>>> print(open('my_file.cif').read())   # mmCIF, C-alpha atoms and all ligand atoms
data_query
loop_
_atom_site.label_atom_id
_atom_site.label_comp_id
_atom_site.auth_asym_id
_atom_site.auth_seq_id
_atom_site.Cartn_x
_atom_site.Cartn_y
_atom_site.Cartn_z
CA MET A 1 0.00 0.00 0.00
CA SER A 2 1.27 3.49 -0.79
CA TRP A 3 1.77 6.33 1.66
CA ARG A 4 2.24 10.09 1.40
CA LEU A 5 3.70 12.84 3.56
CA ARG A 6 1.84 15.96 4.62
CA THR A 7 2.17 18.68 7.24
CA ALA A 8 0.59 17.69 10.56
CA ASP A 9 -2.29 19.69 12.02
CA LEU A 10 -3.88 19.77 15.44
CA ASP A 11 -6.64 17.38 14.33
CA ASP A 12 -3.90 14.71 14.08
CA VAL A 13 -3.14 14.84 17.82
CA PRO A 14 -5.45 11.93 18.84
CA SER A 15 -3.91 9.73 16.09
CA LEU A 16 -0.40 10.70 17.18
CA GLU A 17 -1.21 9.91 20.80
CA GLU A 18 -2.17 6.39 19.68
CA LEU A 19 0.75 5.96 17.29
CA ILE A 20 3.60 7.00 19.61
CA PRO A 21 3.13 4.27 22.28
CA LEU A 22 2.60 1.60 19.59
CA SER A 23 5.83 2.62 17.86
CA VAL A 24 7.87 2.87 21.06
CA ARG A 25 6.68 -0.37 22.71
CA LYS A 26 7.45 -2.45 19.63
CA LEU A 27 10.39 -0.78 17.91
CA GLN A 28 12.35 0.14 21.04
CA SER A 29 11.86 -3.15 22.87
CA ASP A 30 15.30 -4.46 21.82
CA TYR A 31 16.97 -1.39 23.31
CA TYR A 32 15.04 -0.35 26.44
CA SER A 33 13.20 -2.09 29.28
CA THR A 34 9.43 -1.77 29.64
CA ALA A 35 9.97 0.41 32.71
CA GLN A 36 12.27 2.76 30.78
CA MET A 37 9.81 3.11 27.88
CA GLU A 38 6.84 3.73 30.17
CA ALA A 39 8.75 6.38 32.18
CA ALA A 40 9.76 8.12 28.95
CA PHE A 41 6.18 8.75 27.76
CA GLY A 42 5.65 12.49 28.20
CA PRO A 43 9.05 13.82 29.25
CA VAL A 44 10.90 12.19 26.31
CA PHE A 45 8.29 10.72 23.91
CA GLY A 46 5.11 12.68 23.32
CA VAL A 47 3.21 14.98 21.01
CA ASP A 48 4.74 18.45 20.80
CA ARG A 49 1.92 20.76 19.72
CA GLN A 50 4.45 23.57 19.31
CA LEU A 51 5.99 21.80 16.29
CA ILE A 52 2.53 21.35 14.78
CA ALA A 53 1.75 25.04 15.38
CA ASP A 54 5.08 25.99 13.76
CA GLY A 55 4.24 23.91 10.67
CA THR A 56 7.45 21.88 11.09
CA TYR A 57 5.91 18.49 11.88
CA LEU A 58 4.99 15.91 9.25
CA VAL A 59 2.83 12.83 9.19
CA ALA A 60 2.77 9.94 6.74
CA GLU A 61 -0.69 8.71 5.80
CA ALA A 62 -1.77 5.46 4.20
CA ASP A 63 -5.39 4.78 3.34
CA GLY A 64 -6.45 7.81 5.40
CA ARG A 65 -4.60 6.64 8.56
CA VAL A 66 -1.58 8.28 10.18
CA ILE A 67 1.19 5.67 10.12
CA ALA A 68 4.28 7.76 10.94
CA CYS A 69 5.36 11.16 12.18
CA GLY A 70 8.48 13.27 12.64
CA GLY A 71 9.87 16.66 11.89
CA TRP A 72 12.17 19.47 12.87
CA SER A 73 12.23 22.45 15.17
CA LYS A 74 13.43 26.03 15.20
CA ARG A 75 13.12 25.99 18.99
CA LYS A 76 15.43 25.07 21.82
CA SER A 77 13.96 21.82 23.19
CA MET A 78 15.74 18.66 22.03
CA PHE A 79 12.88 16.25 22.87
CA GLY A 80 9.68 15.80 24.85
CA GLY A 81 5.96 16.52 24.54
CA ASP A 82 4.66 20.04 25.14
CA ALA A 83 2.59 18.80 28.11
CA SER A 84 5.82 18.10 30.04
CA ARG A 85 7.22 21.60 29.40
CA ALA A 86 6.66 24.33 31.97
CA ALA A 87 8.00 27.35 30.09
CA GLU A 88 7.77 28.61 26.51
CA ASP A 89 10.11 26.86 24.06
CA ASN A 90 12.27 29.75 22.85
CA LEU A 91 13.21 30.28 19.22
CA LEU A 92 16.73 29.50 17.98
CA ASP A 93 18.84 31.83 15.84
CA PRO A 94 19.63 30.20 12.46
CA ALA A 95 22.85 32.27 12.26
CA THR A 96 24.37 30.74 15.39
CA ASP A 97 22.24 27.79 16.54
CA ALA A 98 21.63 24.29 15.23
CA ALA A 99 18.10 23.37 14.13
CA ARG A 100 16.62 20.31 15.82
CA VAL A 101 15.33 17.09 14.27
CA ARG A 102 12.52 15.84 16.48
CA ALA A 103 10.11 13.08 17.42
CA PHE A 104 10.17 10.37 14.73
CA PHE A 105 7.73 7.52 15.35
CA ILE A 106 6.85 4.92 12.72
CA HIS A 107 4.02 2.41 13.11
CA PRO A 108 5.62 -1.03 13.57
CA ASP A 109 3.76 -2.42 10.53
CA TRP A 110 5.43 0.28 8.41
CA ALA A 111 9.01 0.10 9.74
CA ARG A 112 11.99 -0.30 7.38
CA ARG A 113 10.14 0.95 4.31
CA GLY A 114 12.03 4.24 3.99
CA ILE A 115 9.41 6.43 5.69
CA GLY A 116 11.79 7.63 8.43
CA ARG A 117 14.39 8.47 5.80
CA ALA A 118 11.77 10.36 3.74
CA ILE A 119 10.57 12.43 6.72
CA LEU A 120 14.20 13.21 7.56
CA ALA A 121 14.97 14.33 3.98
CA ALA A 122 11.90 16.62 3.93
CA SER A 123 12.88 18.05 7.34
CA GLU A 124 16.46 18.70 6.20
CA LYS A 125 15.21 20.52 3.10
CA ALA A 126 13.01 22.79 5.25
CA ILE A 127 15.86 23.37 7.73
CA ALA A 128 18.14 24.50 4.88
CA ALA A 129 15.41 26.79 3.53
CA ALA A 130 15.06 28.34 7.01
CA GLY A 131 18.76 29.31 6.89
CA PHE A 132 20.29 26.95 9.47
CA ALA A 133 23.81 25.65 8.81
CA ARG A 134 23.76 22.82 11.34
CA ILE A 135 21.36 20.23 12.74
CA GLU A 136 21.45 18.54 16.15
CA LEU A 137 19.28 15.81 17.57
CA VAL A 138 19.06 13.46 20.51
CA ALA A 139 18.53 9.93 19.21
CA THR A 140 17.13 6.95 21.01
CA LEU A 141 19.25 3.83 20.61
CA ALA A 142 16.51 2.65 18.20
CA GLY A 143 16.82 5.84 16.15
CA GLU A 144 20.62 5.91 16.01
CA PRO A 145 20.98 3.61 12.93
CA LEU A 146 18.62 5.79 10.87
CA TYR A 147 20.51 8.99 11.65
CA LYS A 148 23.88 7.32 11.17
CA ALA A 149 22.73 6.03 7.77
CA CYS A 150 21.71 9.61 6.89
CA GLY A 151 25.06 11.19 7.71
CA TYR A 152 24.74 12.24 11.36
CA SER A 153 27.78 11.85 13.64
CA GLU A 154 27.83 11.07 17.33
CA ILE A 155 28.69 13.98 19.65
CA GLU A 156 28.14 12.23 22.99
CA ARG A 157 26.29 9.41 24.70
CA TYR A 158 24.45 10.28 27.89
CA GLU A 159 21.46 9.30 29.98
CA VAL A 160 18.23 11.27 30.39
CA ALA A 161 17.18 11.09 34.05
CA MET A 162 13.52 10.08 34.47
CA SER A 163 11.09 9.46 37.31
CA GLY A 164 11.54 6.50 39.64
CA GLY A 165 15.33 6.73 39.43
CA LEU A 166 15.24 5.42 35.84
CA ALA A 167 17.49 6.67 33.05
CA LEU A 168 17.26 6.50 29.26
CA PRO A 169 20.55 6.09 27.35
CA VAL A 170 20.54 8.36 24.28
CA VAL A 171 22.98 9.73 21.69
CA ARG A 172 23.43 13.40 20.78
CA MET A 173 24.19 13.60 17.05
CA ALA A 174 24.86 16.36 14.52
CA LYS A 175 25.13 17.05 10.81
CA SER A 176 26.05 20.07 8.70
CA VAL A 177 23.43 21.38 6.32
CA ASN A 178 24.66 20.96 2.71
CA PRO A 179 28.05 19.60 3.87
C1 LIG A 201 13.92 4.82 14.21
C2 LIG A 201 12.74 4.80 13.27
C3 LIG A 201 12.12 6.22 13.22
C4 LIG A 201 13.23 4.41 11.86
O1 LIG A 201 12.17 4.57 10.92
P1 LIG A 201 12.02 3.67 9.61
O2 LIG A 201 10.97 4.28 8.76
O3 LIG A 201 11.84 2.24 9.99
O4 LIG A 201 13.46 3.85 8.94
P2 LIG A 201 13.81 3.70 7.37
O5 LIG A 201 13.05 2.55 6.78
O6 LIG A 201 13.65 5.02 6.69
O7 LIG A 201 15.36 3.33 7.47
C5 LIG A 201 16.38 4.05 6.80
C6 LIG A 201 17.71 3.43 7.16
O8 LIG A 201 17.96 3.59 8.57
C7 LIG A 201 18.63 2.40 9.07
N1 LIG A 201 17.73 1.69 10.01
C8 LIG A 201 16.45 2.03 10.31
N2 LIG A 201 15.95 1.17 11.24
C9 LIG A 201 16.95 0.29 11.53
C10 LIG A 201 17.04 -0.81 12.41
N3 LIG A 201 16.02 -1.19 13.20
N4 LIG A 201 18.21 -1.49 12.45
C11 LIG A 201 19.25 -1.15 11.66
N5 LIG A 201 19.22 -0.10 10.80
C12 LIG A 201 18.08 0.61 10.74
C13 LIG A 201 18.92 1.53 7.85
O9 LIG A 201 20.17 1.94 7.32
C14 LIG A 201 17.78 1.93 6.93
O10 LIG A 201 18.05 1.70 5.56
P3 LIG A 201 17.74 0.23 4.92
O11 LIG A 201 16.37 -0.17 5.39
O12 LIG A 201 17.82 0.50 3.44
O13 LIG A 201 18.81 -0.68 5.45
C15 LIG A 201 11.69 3.75 13.73
O14 LIG A 201 12.35 2.53 13.98
C16 LIG A 201 10.93 4.13 14.99
O15 LIG A 201 9.88 4.78 14.91
N6 LIG A 201 11.43 3.70 16.18
C17 LIG A 201 10.71 3.87 17.45
C18 LIG A 201 10.65 5.32 17.89
C19 LIG A 201 12.05 5.91 17.98
O16 LIG A 201 12.91 5.43 18.71
N7 LIG A 201 12.22 7.00 17.25
C20 LIG A 201 13.50 7.67 17.15
C21 LIG A 201 13.47 8.86 18.00
S1 LIG A 201 15.09 9.61 17.97
#
>>> encode(input="my_file.cif", output="structure tokens")
Amino acid sequence: MSWRLRTADLDDVPSLEELIPLSVRKLQSDYYSTAQMEAAFGPVFGVDRQLIADGTYLVAEADGRVIACGGWSKRKSMFGGDASRAAEDNLLDPATDAARVRAFFIHPDWARRGIGRAILAASEKAIAAAGFARIELVATLAGEPLYKACGYSEIERYEVAMSGGLALPVVRMAKSVNP
């Protein structure tokens, strides 16, 4: 079945709230424990309405259903849903700051069909058009192979502290725009 990309809108939020846990619980299960994944919902994995409002978030649709999402950001946050954010997410300066790549979640039935790569390519094109020279992201261990395959280099490995004394190992990665 074929799929297509489009800009996300706020009407997609209920579909995204269903999609994200499905994607995480299946596609991250080789990398994280159930407790780690459950603790990450909200503070690390969640819908960021700010990206939708900015017009920088994409969804892939097949047969009228949202089967993947992801995008980029011109704001400071590296990850997390807007519901877990207390303050406003400030704008970055394209002249000095790196744009962010954010929140990729593919439905497990649609994994490894090039949708992640396609959303990333569309995001990178928009980032270049917005005048940024560099991109940074914080990858899950499940996301790392995609970004590596698309030319991102590791900056550092660290752990995001979460509730219940749990931690999520992640990788900060970067790429130059039009290297
Ligand atoms: C990470 C994720 C977004 C990848 O999406 P995807 O649509 O399956 O990725 P693609 O099909 O576009 O893969 C492109 C390339 O990335 C690499 N890649 C992607 N998934 C991989 C995996 N599980 N193992 C090894 N390499 C992988 C491969 O090089 C692949 O090219 P190939 O299929 O021709 O070998 C998806 O697995 C996902 O949603 N994971 C759960 C949520 C998550 O952790 N998101 C990342 C947040 S940073």
>>> closest_residue(input="my_file.cif", among="A:Arg100, A:Arg157, A:Lys76, A:His107", to="Lys26 of chain A", atoms="only C-alpha atoms")
A:His107
>>> closest_residue(input="my_file.cif", among="A:Ser153, A:Asp93, A:Leu22, A:Leu146", to="Gly116 of chain A", atoms="only C-alpha atoms")
A:Leu146
>>> residues_near_ligand(input="my_file.cif", ligand="ligand LIG 201 (chain A)", cutoff="6 Å", atoms="only C-alpha atoms and all ligand atoms", output="ChimeraX atom specification")
/A:23-24,27-28,103-106,111-117,139-140,142-143,145-146,149
>>> write_last_selection(input="my_file.cif", atoms="C-alpha atoms", output="PDB file, in the coordinates of the input")
ATOM      1  CA  SER A  23       5.830   2.620  17.860  1.00  0.00           C
ATOM      2  CA  VAL A  24       7.870   2.870  21.060  1.00  0.00           C
ATOM      3  CA  LEU A  27      10.390  -0.780  17.910  1.00  0.00           C
ATOM      4  CA  GLN A  28      12.350   0.140  21.040  1.00  0.00           C
ATOM      5  CA  ALA A 103      10.110  13.080  17.420  1.00  0.00           C
ATOM      6  CA  PHE A 104      10.170  10.370  14.730  1.00  0.00           C
ATOM      7  CA  PHE A 105       7.730   7.520  15.350  1.00  0.00           C
ATOM      8  CA  ILE A 106       6.850   4.920  12.720  1.00  0.00           C
ATOM      9  CA  ALA A 111       9.010   0.100   9.740  1.00  0.00           C
ATOM     10  CA  ARG A 112      11.990  -0.300   7.380  1.00  0.00           C
ATOM     11  CA  ARG A 113      10.140   0.950   4.310  1.00  0.00           C
ATOM     12  CA  GLY A 114      12.030   4.240   3.990  1.00  0.00           C
ATOM     13  CA  ILE A 115       9.410   6.430   5.690  1.00  0.00           C
ATOM     14  CA  GLY A 116      11.790   7.630   8.430  1.00  0.00           C
ATOM     15  CA  ARG A 117      14.390   8.470   5.800  1.00  0.00           C
ATOM     16  CA  ALA A 139      18.530   9.930  19.210  1.00  0.00           C
ATOM     17  CA  THR A 140      17.130   6.950  21.010  1.00  0.00           C
ATOM     18  CA  ALA A 142      16.510   2.650  18.200  1.00  0.00           C
ATOM     19  CA  GLY A 143      16.820   5.840  16.150  1.00  0.00           C
ATOM     20  CA  PRO A 145      20.980   3.610  12.930  1.00  0.00           C
ATOM     21  CA  LEU A 146      18.620   5.790  10.870  1.00  0.00           C
ATOM     22  CA  ALA A 149      22.730   6.030   7.770  1.00  0.00           C
TER      23      ALA A 149
END
>>> atom_distance(input="my_file.cif", atom1="atom CA of Leu10 of chain A", atom2="atom CA of Tyr147 of chain A")
26.9 Å
>>> atom_distance(input="my_file.cif", atom1="atom CA of Ser33 of chain A", atom2="atom CA of Ser77 of chain A")
24.7 Å
>>> atom_distance(input="my_file.cif", atom1="atom CA of Met173 of chain A", atom2="atom CA of Ile155 of chain A")
5.2 Å
